[in-house]
$ cat entry-v1.txt   # compact mmCIF, C-alpha atoms and all ligand atoms
# COMPACT_ATOMS: atom_id res chain seq x y z
CA MET I 1 136.31 116.46 196.91
CA ILE I 2 138.92 116.36 199.67
CA ALA I 3 138.06 119.94 200.66
CA ALA I 4 134.33 119.08 200.90
CA ARG I 5 135.07 116.05 203.08
CA LYS I 6 137.25 118.12 205.36
CA THR I 7 134.47 120.64 205.77
CA PHE I 8 131.97 117.91 206.73
CA GLU I 9 134.37 116.53 209.33
CA ALA I 10 135.06 120.01 210.63
CA ARG I 11 131.32 120.66 210.98
CA CYS I 12 130.96 117.39 212.88
CA ARG I 13 133.81 118.29 215.25
CA GLU I 14 132.19 121.63 216.04
CA ALA I 15 128.64 120.28 216.48
CA THR I 16 127.17 119.62 219.91
CA CYS I 17 125.67 116.19 220.68
CA ARG I 18 121.88 116.25 221.03
CA SER I 19 122.06 113.82 223.95
CA CYS I 20 125.17 114.43 226.06
CA GLY I 21 126.10 117.94 224.89
CA ARG I 22 129.74 117.08 224.07
CA GLN I 23 131.50 118.21 220.90
CA GLU I 24 133.91 116.28 218.66
CA LEU I 25 131.32 114.24 216.76
CA ARG I 26 132.54 111.99 213.93
CA GLY I 27 131.11 112.15 210.41
CA VAL I 28 129.05 109.12 209.28
CA LEU I 29 127.34 110.19 206.04
CA ASP I 30 127.02 113.43 204.08
CA LEU I 31 123.97 113.30 201.78
CA GLY I 32 124.51 116.87 200.66
CA ARG I 33 121.79 119.49 200.52
CA MET I 34 118.30 117.99 200.32
CA PRO I 35 114.78 119.40 200.04
CA LEU I 36 112.41 118.64 202.93
CA SER I 37 111.32 115.05 202.42
CA ASP I 38 107.63 115.76 203.06
CA GLY I 39 107.58 119.16 201.39
CA LEU I 40 105.37 118.09 198.49
CA LEU I 41 104.81 120.85 195.95
CA THR I 42 101.62 121.99 194.29
CA ALA I 43 101.44 123.32 190.73
CA ASP I 44 101.29 126.86 192.16
CA ASP I 45 104.46 126.66 194.27
CA PRO I 46 107.28 128.89 193.02
CA LEU I 47 110.07 126.37 192.38
CA PRO I 48 113.04 128.68 192.98
CA ALA I 49 111.74 129.19 196.53
CA GLU I 50 112.04 125.49 197.38
CA ALA I 51 114.26 125.23 200.45
CA TYR I 52 117.26 122.90 200.68
CA TYR I 53 119.03 122.03 203.92
CA PRO I 54 122.23 120.06 204.57
CA LEU I 55 121.63 116.43 205.52
CA GLU I 56 124.61 115.08 207.44
CA ALA I 57 124.75 112.21 209.93
CA ALA I 58 127.34 112.04 212.71
CA PHE I 59 128.30 109.76 215.62
CA CYS I 60 129.00 110.87 219.20
CA PRO I 61 131.97 108.90 220.58
CA ASN I 62 130.97 109.90 224.12
CA CYS I 63 127.34 108.67 224.33
CA THR I 64 127.22 106.68 221.01
CA LEU I 65 124.20 108.55 219.59
CA VAL I 66 123.98 108.84 215.79
CA GLN I 67 122.30 112.09 214.82
CA ILE I 68 121.99 114.64 212.03
CA LEU I 69 123.66 117.99 212.48
CA LYS I 70 121.02 120.37 211.17
CA THR I 71 117.70 121.00 212.95
CA VAL I 72 115.04 122.38 210.64
CA PRO I 73 112.50 124.27 212.82
CA PRO I 74 109.49 122.02 213.59
CA GLU I 75 107.05 124.72 212.45
CA ILE I 76 108.54 124.32 208.96
CA LEU I 77 108.65 120.50 209.07
CA PHE I 78 105.23 119.77 210.58
CA GLY I 79 103.24 122.77 209.42
CA ASP I 80 99.68 123.10 208.18
CA ASP I 81 100.14 120.94 205.10
CA TYR I 82 101.98 118.02 206.71
CA PRO I 83 100.71 115.23 204.44
CA TYR I 84 101.20 112.14 206.57
CA TYR I 85 98.01 110.33 207.63
CA SER I 86 98.74 107.05 209.36
CA SER I 87 95.37 105.52 208.53
CA PHE I 88 96.38 105.15 204.87
CA SER I 89 98.62 102.20 205.69
CA PRO I 90 96.76 98.93 206.47
CA ALA I 91 99.98 97.33 207.77
CA LEU I 92 100.53 100.19 210.22
CA LEU I 93 96.90 99.98 211.41
CA ALA I 94 97.24 96.27 212.15
CA HIS I 95 100.59 96.80 213.89
CA SER I 96 99.09 99.53 216.11
CA ARG I 97 96.04 97.50 217.01
CA ASP I 98 98.14 94.52 218.11
CA ASN I 99 100.31 96.82 220.19
CA ALA I 100 97.25 98.46 221.81
CA LEU I 101 95.57 95.17 222.67
CA ALA I 102 98.80 93.81 224.16
CA LEU I 103 99.16 96.92 226.33
CA ILE I 104 95.54 96.77 227.52
CA ALA I 105 96.06 93.15 228.61
CA SER I 106 99.54 93.46 230.14
CA ARG I 107 98.87 96.74 232.03
CA LYS I 108 95.27 95.75 232.91
CA LEU I 109 93.96 99.04 231.55
CA ASN I 110 90.34 99.99 232.28
CA GLU I 111 88.02 103.02 232.62
CA CYS I 112 90.17 104.35 235.52
CA SER I 113 93.40 104.32 233.50
CA PHE I 114 94.84 107.15 231.44
CA VAL I 115 96.66 106.64 228.14
CA VAL I 116 98.55 109.44 226.39
CA GLU I 117 99.90 109.23 222.90
CA VAL I 118 102.51 111.65 221.60
CA ALA I 119 102.29 112.29 217.86
CA SER I 120 98.87 110.66 217.81
CA ASN I 121 98.32 111.68 214.16
CA ASP I 122 94.78 110.90 212.99
CA GLY I 123 93.94 108.78 216.06
CA TYR I 124 94.73 105.47 214.38
CA MET I 125 96.30 104.07 217.55
CA LEU I 126 94.23 105.65 220.33
CA ARG I 127 90.93 104.63 218.78
CA ASN I 128 91.70 101.10 219.97
CA PHE I 129 91.67 102.37 223.56
CA VAL I 130 88.72 104.75 223.11
CA GLU I 131 86.60 101.93 221.66
CA ARG I 132 87.19 99.97 224.87
CA GLY I 133 86.24 102.86 227.18
CA ILE I 134 89.80 103.65 228.31
CA PRO I 135 90.38 107.42 228.86
CA SER I 136 92.91 108.59 226.30
CA LEU I 137 94.51 111.80 225.13
CA GLY I 138 96.30 112.42 221.85
CA ILE I 139 98.93 115.12 221.37
CA ASP I 140 99.90 116.24 217.87
CA PRO I 141 100.86 119.57 216.30
CA ALA I 142 99.51 118.97 212.77
CA PRO I 143 95.99 120.47 212.34
CA GLY I 144 94.80 118.16 209.54
CA PRO I 145 95.43 114.86 211.32
CA VAL I 146 94.21 116.35 214.65
CA ALA I 147 90.86 117.27 213.05
CA ALA I 148 90.60 113.73 211.62
CA ALA I 149 91.28 112.25 215.09
CA ARG I 150 88.64 114.40 216.79
CA LYS I 151 86.14 113.39 214.14
CA ILE I 152 86.43 109.73 215.17
CA GLY I 153 86.11 110.64 218.86
CA VAL I 154 89.77 110.69 219.91
CA GLU I 155 90.35 113.69 222.21
CA THR I 156 93.50 115.41 220.92
CA LEU I 157 95.52 118.50 221.85
CA GLN I 158 97.02 120.30 218.89
CA GLU I 159 100.43 120.98 220.44
CA PHE I 160 104.04 119.84 220.61
CA PHE I 161 104.86 117.52 223.52
CA GLY I 162 107.47 118.71 225.98
CA ILE I 163 108.18 119.72 229.56
CA ASP I 164 105.67 122.60 229.61
CA LEU I 165 102.76 120.48 228.43
CA ALA I 166 103.70 117.61 230.78
CA ARG I 167 103.74 120.03 233.73
CA ARG I 168 100.40 121.54 232.73
CA LEU I 169 98.73 118.12 232.49
CA ARG I 170 100.22 117.21 235.84
CA ARG I 171 98.81 120.42 237.38
CA GLU I 172 95.41 119.42 236.00
CA GLY I 173 95.76 116.23 238.04
CA LYS I 174 96.55 114.03 235.07
CA SER I 175 99.28 111.41 235.02
CA ALA I 176 99.71 108.55 232.63
CA ASP I 177 99.57 104.80 233.12
CA VAL I 178 100.83 104.45 229.59
CA ILE I 179 102.52 106.93 227.27
CA ILE I 180 102.81 105.80 223.67
CA ALA I 181 105.21 107.52 221.30
CA ASN I 182 105.72 105.82 217.96
CA ASN I 183 108.18 107.32 215.51
CA VAL I 184 108.37 110.70 217.20
CA PHE I 185 111.22 110.42 219.73
CA ALA I 186 113.72 110.64 216.90
CA HIS I 187 111.91 113.70 215.50
CA VAL I 188 112.10 115.87 218.62
CA ALA I 189 114.66 118.67 218.64
CA ASP I 190 114.83 118.80 222.45
CA THR I 191 115.82 115.19 223.03
CA ASN I 192 116.56 115.72 226.72
CA GLY I 193 113.38 117.76 227.26
CA PHE I 194 111.33 114.89 225.83
CA CYS I 195 112.83 112.45 228.37
CA ALA I 196 112.27 114.91 231.22
CA ALA I 197 108.64 115.35 230.11
CA LEU I 198 108.12 111.56 230.23
CA ALA I 199 109.42 111.53 233.80
CA ILE I 200 106.96 114.31 234.76
CA LEU I 201 103.87 112.80 233.14
CA LEU I 202 104.31 109.10 234.02
CA LYS I 203 102.67 107.60 237.10
CA SER I 204 105.22 106.00 239.43
CA ASP I 205 104.26 102.58 238.07
CA GLY I 206 103.50 103.80 234.55
CA VAL I 207 105.30 102.84 231.37
CA ALA I 208 106.31 104.74 228.26
CA VAL I 209 106.29 102.54 225.15
CA ILE I 210 108.29 104.11 222.40
CA GLU I 211 109.10 102.89 218.92
CA VAL I 212 112.15 104.19 217.11
CA PRO I 213 113.99 103.07 213.99
CA TYR I 214 117.03 100.99 214.99
CA VAL I 215 120.40 102.37 213.93
CA ARG I 216 121.80 98.86 213.46
CA ASP I 217 119.18 98.08 210.79
CA LEU I 218 119.93 101.42 209.17
CA VAL I 219 123.64 100.63 208.93
CA ASP I 220 123.57 96.87 208.34
CA LYS I 221 120.86 97.04 205.64
CA CYS I 222 122.15 100.30 204.22
CA GLU I 223 118.80 102.09 204.69
CA PHE I 224 120.29 105.51 204.06
CA ASP I 225 116.96 106.90 202.81
CA THR I 226 115.56 106.69 206.34
CA ILE I 227 117.89 109.60 207.09
CA TYR I 228 115.94 112.79 206.57
CA HIS I 229 115.47 116.15 208.22
CA GLU I 230 112.59 114.98 210.43
CA HIS I 231 114.76 112.20 211.87
CA LEU I 232 117.22 113.94 214.14
CA CYS I 233 118.39 110.85 216.09
CA TYR I 234 119.14 107.22 215.15
CA PHE I 235 118.98 105.22 218.36
CA SER I 236 120.56 102.05 219.69
CA ALA I 237 119.81 100.40 223.03
CA THR I 238 123.17 101.72 224.22
CA SER I 239 122.51 105.35 223.30
CA VAL I 240 118.94 105.30 224.69
CA ASP I 241 120.09 103.74 227.95
CA ARG I 242 122.70 106.46 228.46
CA LEU I 243 120.24 109.21 227.50
CA VAL I 244 117.20 108.34 229.60
CA ARG I 245 119.15 107.47 232.76
CA ARG I 246 120.14 111.12 233.16
CA HIS I 247 116.42 111.89 233.60
CA GLY I 248 115.56 109.17 236.09
CA VAL I 249 113.92 107.09 233.38
CA TYR I 250 115.08 103.53 232.76
CA LEU I 251 115.14 101.23 229.78
CA ASN I 252 113.68 98.07 231.30
CA ARG I 253 112.49 96.05 228.33
CA ILE I 254 113.16 96.12 224.62
CA GLU I 255 111.68 94.42 221.56
CA ARG I 256 113.07 94.31 218.03
CA LEU I 257 110.42 94.90 215.37
CA SER I 258 110.57 94.52 211.62
CA ILE I 259 108.36 97.57 210.93
CA HIS I 260 109.93 100.54 209.08
CA GLY I 261 112.94 98.47 208.04
CA GLY I 262 113.79 97.54 211.63
CA SER I 263 112.75 99.29 214.82
CA LEU I 264 113.08 99.05 218.58
CA ARG I 265 110.13 99.13 220.95
CA LEU I 266 111.47 100.61 224.17
CA HIS I 267 109.70 100.12 227.49
CA LEU I 268 110.74 102.94 229.82
CA GLU I 269 109.83 103.15 233.51
CA LEU I 270 110.71 105.26 236.53
CA LYS I 271 112.39 102.39 238.42
CA ASP I 272 115.71 100.87 237.38
CA GLY I 273 115.10 97.20 236.50
CA PRO I 274 116.32 96.10 233.09
CA ASP I 275 115.12 92.64 232.13
CA GLN I 276 116.98 90.05 230.11
CA SER I 277 115.97 91.58 226.75
CA VAL I 278 117.82 94.79 227.63
CA ARG I 279 120.88 93.09 229.08
CA GLU I 280 121.16 90.83 226.04
CA LEU I 281 120.80 93.60 223.47
CA LEU I 282 123.30 95.84 225.26
CA ALA I 283 125.79 92.97 225.24
CA GLU I 284 125.05 92.22 221.58
CA GLU I 285 125.61 95.86 220.61
CA LYS I 286 128.91 95.91 222.46
CA GLN I 287 129.93 92.76 220.61
CA ALA I 288 128.91 94.26 217.24
CA GLY I 289 130.74 97.50 218.03
CA VAL I 290 127.68 99.78 217.77
CA ASP I 291 129.26 101.91 220.51
CA ARG I 292 132.40 102.61 218.45
CA PHE I 293 132.94 104.78 215.36
CA GLU I 294 134.58 101.93 213.41
CA TYR I 295 131.14 100.32 213.05
CA TYR I 296 129.95 103.31 210.97
CA ARG I 297 133.12 103.88 208.98
CA ASN I 298 132.16 101.94 205.82
CA PHE I 299 128.54 103.01 205.68
CA ALA I 300 129.07 106.03 203.40
CA ARG I 301 131.05 103.95 200.89
CA ARG I 302 128.26 101.33 200.73
CA VAL I 303 125.63 104.04 200.26
CA ARG I 304 127.56 105.55 197.36
CA ALA I 305 127.76 102.09 195.76
CA ILE I 306 123.94 101.76 195.87
CA ARG I 307 123.62 105.18 194.25
CA ARG I 308 125.98 104.17 191.44
CA GLU I 309 124.26 100.83 190.85
CA LEU I 310 120.72 102.19 190.90
CA LYS I 311 121.57 105.16 188.73
CA SER I 312 123.15 103.01 186.05
CA MET I 313 120.29 100.47 186.23
CA LEU I 314 117.68 103.21 185.69
CA GLU I 315 119.65 104.92 182.94
CA ASP I 316 120.29 101.62 181.20
CA LEU I 317 116.56 100.75 181.22
CA LYS I 318 115.69 104.23 180.00
CA GLY I 319 118.28 103.94 177.25
CA ARG I 320 116.59 100.75 176.08
CA GLY I 321 113.29 102.63 175.77
CA CYS I 322 111.63 101.28 178.93
CA SER I 323 109.17 103.41 180.88
CA ILE I 324 109.66 103.71 184.62
CA ALA I 325 107.25 104.89 187.33
CA ALA I 326 107.68 104.85 191.11
CA TYR I 327 105.44 103.71 193.95
CA GLY I 328 104.99 105.62 197.22
CA ALA I 329 105.49 109.36 197.72
CA ALA I 330 107.00 108.68 201.14
CA ALA I 331 109.69 110.75 202.82
CA LYS I 332 112.33 108.13 202.07
CA GLY I 333 111.33 108.31 198.40
CA THR I 334 112.25 111.99 198.33
CA ILE I 335 115.70 111.23 199.70
CA LEU I 336 116.29 108.30 197.37
CA LEU I 337 115.14 110.07 194.17
CA ASN I 338 117.10 113.23 194.97
CA TYR I 339 120.24 111.41 196.08
CA VAL I 340 120.24 109.21 192.97
CA GLY I 341 119.27 112.17 190.80
CA ALA I 342 116.22 110.38 189.37
CA GLY I 343 113.97 113.20 188.16
CA THR I 344 111.35 113.58 185.45
CA ARG I 345 113.84 112.52 182.77
CA VAL I 346 113.92 109.01 184.30
CA ILE I 347 110.72 108.62 186.35
CA ASP I 348 107.43 109.38 184.59
CA PHE I 349 105.28 109.61 187.71
CA VAL I 350 104.89 108.44 191.30
CA VAL I 351 101.71 106.87 192.67
CA ASP I 352 100.46 106.99 196.26
CA ARG I 353 97.28 105.82 198.03
CA ASN I 354 97.16 108.98 200.14
CA VAL I 355 94.67 111.33 198.46
CA HIS I 356 96.35 114.30 200.17
CA LYS I 357 99.51 113.63 198.14
CA GLN I 358 97.86 113.01 194.77
CA GLY I 359 98.06 115.92 192.33
CA LYS I 360 101.23 117.23 193.99
CA TYR I 361 104.93 116.89 193.06
CA MET I 362 107.88 115.16 194.73
CA PRO I 363 110.23 117.66 196.43
CA GLY I 364 113.40 118.48 194.54
CA VAL I 365 112.87 116.18 191.55
CA HIS I 366 109.31 117.46 190.83
CA VAL I 367 107.91 114.15 189.60
CA PRO I 368 104.08 114.30 189.61
CA ILE I 369 102.09 112.13 192.04
CA PHE I 370 98.98 110.23 190.87
CA GLU I 371 96.55 107.65 192.29
CA PRO I 372 97.72 103.97 192.24
CA ASP I 373 95.28 103.00 189.45
CA ARG I 374 97.49 104.93 187.10
CA ILE I 375 99.97 102.02 187.12
CA LEU I 376 97.44 99.63 185.61
CA ARG I 377 96.23 102.24 183.17
CA ASP I 378 99.68 103.23 181.84
CA MET I 379 101.43 99.90 182.44
CA PRO I 380 104.98 101.27 182.80
CA ASP I 381 107.62 98.58 182.19
CA TYR I 382 109.13 99.08 185.64
CA VAL I 383 108.00 100.51 188.97
CA LEU I 384 110.64 101.66 191.43
CA LEU I 385 109.42 100.77 194.92
CA LEU I 386 110.25 103.69 197.21
CA PRO I 387 108.76 102.60 200.58
CA TRP I 388 110.59 99.25 200.47
CA ASN I 389 109.65 98.80 204.16
CA PHE I 390 106.09 98.02 202.98
CA LYS I 391 107.34 95.82 200.15
CA ASP I 392 105.21 92.71 200.80
CA GLU I 393 102.04 94.75 201.23
CA ILE I 394 102.61 96.82 198.09
CA LEU I 395 103.64 93.89 195.87
CA GLN I 396 100.44 92.17 196.92
CA GLN I 397 98.35 95.27 196.16
CA CYS I 398 99.98 95.48 192.72
CA ASP I 399 99.52 91.82 191.92
CA SER I 400 97.53 92.49 188.72
CA TYR I 401 100.25 94.82 187.41
CA ARG I 402 102.83 92.09 187.94
CA ARG I 403 100.62 89.39 186.43
CA ARG I 404 100.31 91.53 183.32
CA GLY I 405 104.09 91.59 182.99
CA GLY I 406 105.03 94.67 185.02
CA ARG I 407 108.18 94.51 187.13
CA PHE I 408 109.31 96.17 190.34
CA ILE I 409 112.73 97.55 191.16
CA ILE I 410 113.58 97.21 194.83
CA PRO I 411 116.38 99.71 195.58
CA ILE I 412 117.58 98.63 199.03
CA PRO I 413 119.69 96.88 200.36
CA HIS I 414 120.83 96.14 196.78
CA PRO I 415 119.02 97.31 193.65
CA GLU I 416 117.17 94.29 192.22
CA VAL I 417 114.30 93.57 189.83
CA VAL I 418 111.42 91.33 190.97
ZN ZN I 501 126.73 112.39 222.91

$ encode --input "entry-v1.txt" --output "structure tokens"
Amino acid sequence: MIAARKTFEARCREATCRSCGRQELRGVLDLGRMPLSDGLLTADDPLPAEAYYPLEAAFCPNCTLVQILKTVPPEILFGDDYPYYSSFSPALLAHSRDNALALIASRKLNECSFVVEVASNDGYMLRNFVERGIPSLGIDPAPGPVAAARKIGVETLQEFFGIDLARRLRREGKSADVIIANNVFAHVADTNGFCAALAILLKSDGVAVIEVPYVRDLVDKCEFDTIYHEHLCYFSATSVDRLVRRHGVYLNRIERLSIHGGSLRLHLELKDGPDQSVRELLAEEKQAGVDRFEYYRNFARRVRAIRRELKSMLEDLKGRGCSIAAYGAAAKGTILLNYVGAGTRVIDFVVDRNVHKQGKYMPGVHVPIFEPDRILRDMPDYVLLLPWNFKDEILQQCDSYRRRGGRFIIPIPHPEVV
């Protein structure tokens, strides 16, 4: 045990920070080797070939960025069968629409404007602009979602966003009034290149509006299952501010959102003019100690406590003859089930609304995935809620299951039955 911990710390010391390039990172959490969280399996996949990669989070004392050490190549992570289609979540659709309408009003967007979205997925966000006649361009590397976006009339390039693409668009005479990038900044391997690309593509008075999960929510609410191979960085206002400044991009406004367990909406511009929201949050983070390693020191211990508690709760229920299913074949579900060691012996099946996931198997633990109706049909005694960030929405959807006596287990921040 001591030897393994030493190795993790040694790996952190030798790693290079994704933002500032310094070494001597400090270890925050070692989740061990994990399968790819979205690498759902089909019945034909040869199981011994399933790939596992180390999943280790570290803190940079120089620029304060929390990050994972290992970068899995994006071609492997976001390949042809990437199963995530944003339009399957009603809550996400409503959130995006509100954000789009607010941007159209505040930036006075019209038919002469140009909106770019990075990681535009199936066009769920840009359609709000297209419907109002505002020229828009989506950028996304995953062929399935890109085809879906084009089908609803959202022009989309099937590519990764970076300096080369930003330069090419610029050469074509295109520059953006608004760049939207929701839940992608943390996924990009070339963190600095992404910031430089924003600086190239933005108009001088343009704004980049970027949503990222907030590292303080991750730590304070113990949301360890939001750490997975796609998420390379875990941002705070402090770490973003230090990162983007080096590229002539400035964090001028910031909003805290409840989506995805707690996120930040960053407003980045090419002129340096932070408003009160930025000044206040930077001060608050300093007060809370987000910029120092001590803040992260207890996180791993708290995560291990959740694992112990949840594991014994599930095993206890199983021992009493209860049946247990799970809801939501989301990435965080893969991490939670694998970390807790809840495989087919404990969980009978997982359900998910996304038809692209149904009929497949959860990575690592190989629990089969079915359609949500299966819950009412089989009436398992308990359902473990994996995407706890959509808790209210899912509990509402499963109202008839609960009225018939079914119960949910919410794993985070403390395992509890509702
Ligand atoms: Zn750093």

$ closest_residue --input "entry-v1.txt" --among "I:Gly27, I:Pro372, I:Pro61, I:Gly273" --to "ligand ZN 501 (chain I)" --atoms "only C-alpha atoms and all ligand atoms"
I:Pro61

$ axis_aligned_box --input "entry-v1.txt" --around "segment 191-205 of chain I" --padding-each-side "6 Å" --output "JSON"
{"center_x": 109.6, "center_y": 110.2, "center_z": 231.2, "size_x": 25.9, "size_y": 27.2, "size_z": 28.4}

$ closest_residue --input "entry-v1.txt" --among "I:His229, I:Arg11, I:Arg168, I:Arg26" --to "ligand ZN 501 (chain I)" --atoms "all atoms listed in the file"
I:Arg26

$ residues_near_ligand --input "entry-v1.txt" --ligand "ligand ZN 501 (chain I)" --cutoff "8 Å" --atoms "only C-alpha atoms and all ligand atoms" --output "list of chain:residue names"
I:Thr16, I:Cys17, I:Arg18, I:Ser19, I:Cys20, I:Gly21, I:Arg22, I:Gln23, I:Leu25, I:Phe59, I:Cys60, I:Pro61, I:Asn62, I:Cys63, I:Thr64, I:Leu65

$ residues_near_point --input "entry-v1.txt" --point "(109.4, 118.4, 220.7)" --cutoff "7 Å" --atoms "only C-alpha atoms" --output "count of residues only"
7

$ closest_residue --input "entry-v1.txt" --among "I:Leu218, I:Leu77, I:Lys360, I:Thr226" --to "Asp38 of chain I" --atoms "all atoms listed in the file"
I:Leu77

$ residues_around --input "entry-v1.txt" --residues "Phe185 of chain I" --least-positions-apart "6" --cutoff "10 Å" --atoms "only C-alpha atoms" --output "PDB file with C-alpha atoms, in the coordinates of the input"
ATOM      1  CA  VAL I 118     102.510 111.650 221.600  1.00  0.00           C
ATOM      2  CA  ALA I 119     102.290 112.290 217.860  1.00  0.00           C
ATOM      3  CA  THR I 191     115.820 115.190 223.030  1.00  0.00           C
ATOM      4  CA  PHE I 194     111.330 114.890 225.830  1.00  0.00           C
ATOM      5  CA  CYS I 195     112.830 112.450 228.370  1.00  0.00           C
ATOM      6  CA  ILE I 210     108.290 104.110 222.400  1.00  0.00           C
ATOM      7  CA  GLU I 211     109.100 102.890 218.920  1.00  0.00           C
ATOM      8  CA  VAL I 212     112.150 104.190 217.110  1.00  0.00           C
ATOM      9  CA  PRO I 213     113.990 103.070 213.990  1.00  0.00           C
ATOM     10  CA  HIS I 231     114.760 112.200 211.870  1.00  0.00           C
ATOM     11  CA  LEU I 232     117.220 113.940 214.140  1.00  0.00           C
ATOM     12  CA  CYS I 233     118.390 110.850 216.090  1.00  0.00           C
ATOM     13  CA  TYR I 234     119.140 107.220 215.150  1.00  0.00           C
ATOM     14  CA  PHE I 235     118.980 105.220 218.360  1.00  0.00           C
TER      15      PHE I 235
END

$ atom_distance --input "entry-v1.txt" --atom1 "atom CA of Arg253 of chain I" --atom2 "atom CA of Cys112 of chain I"
24.9 Å
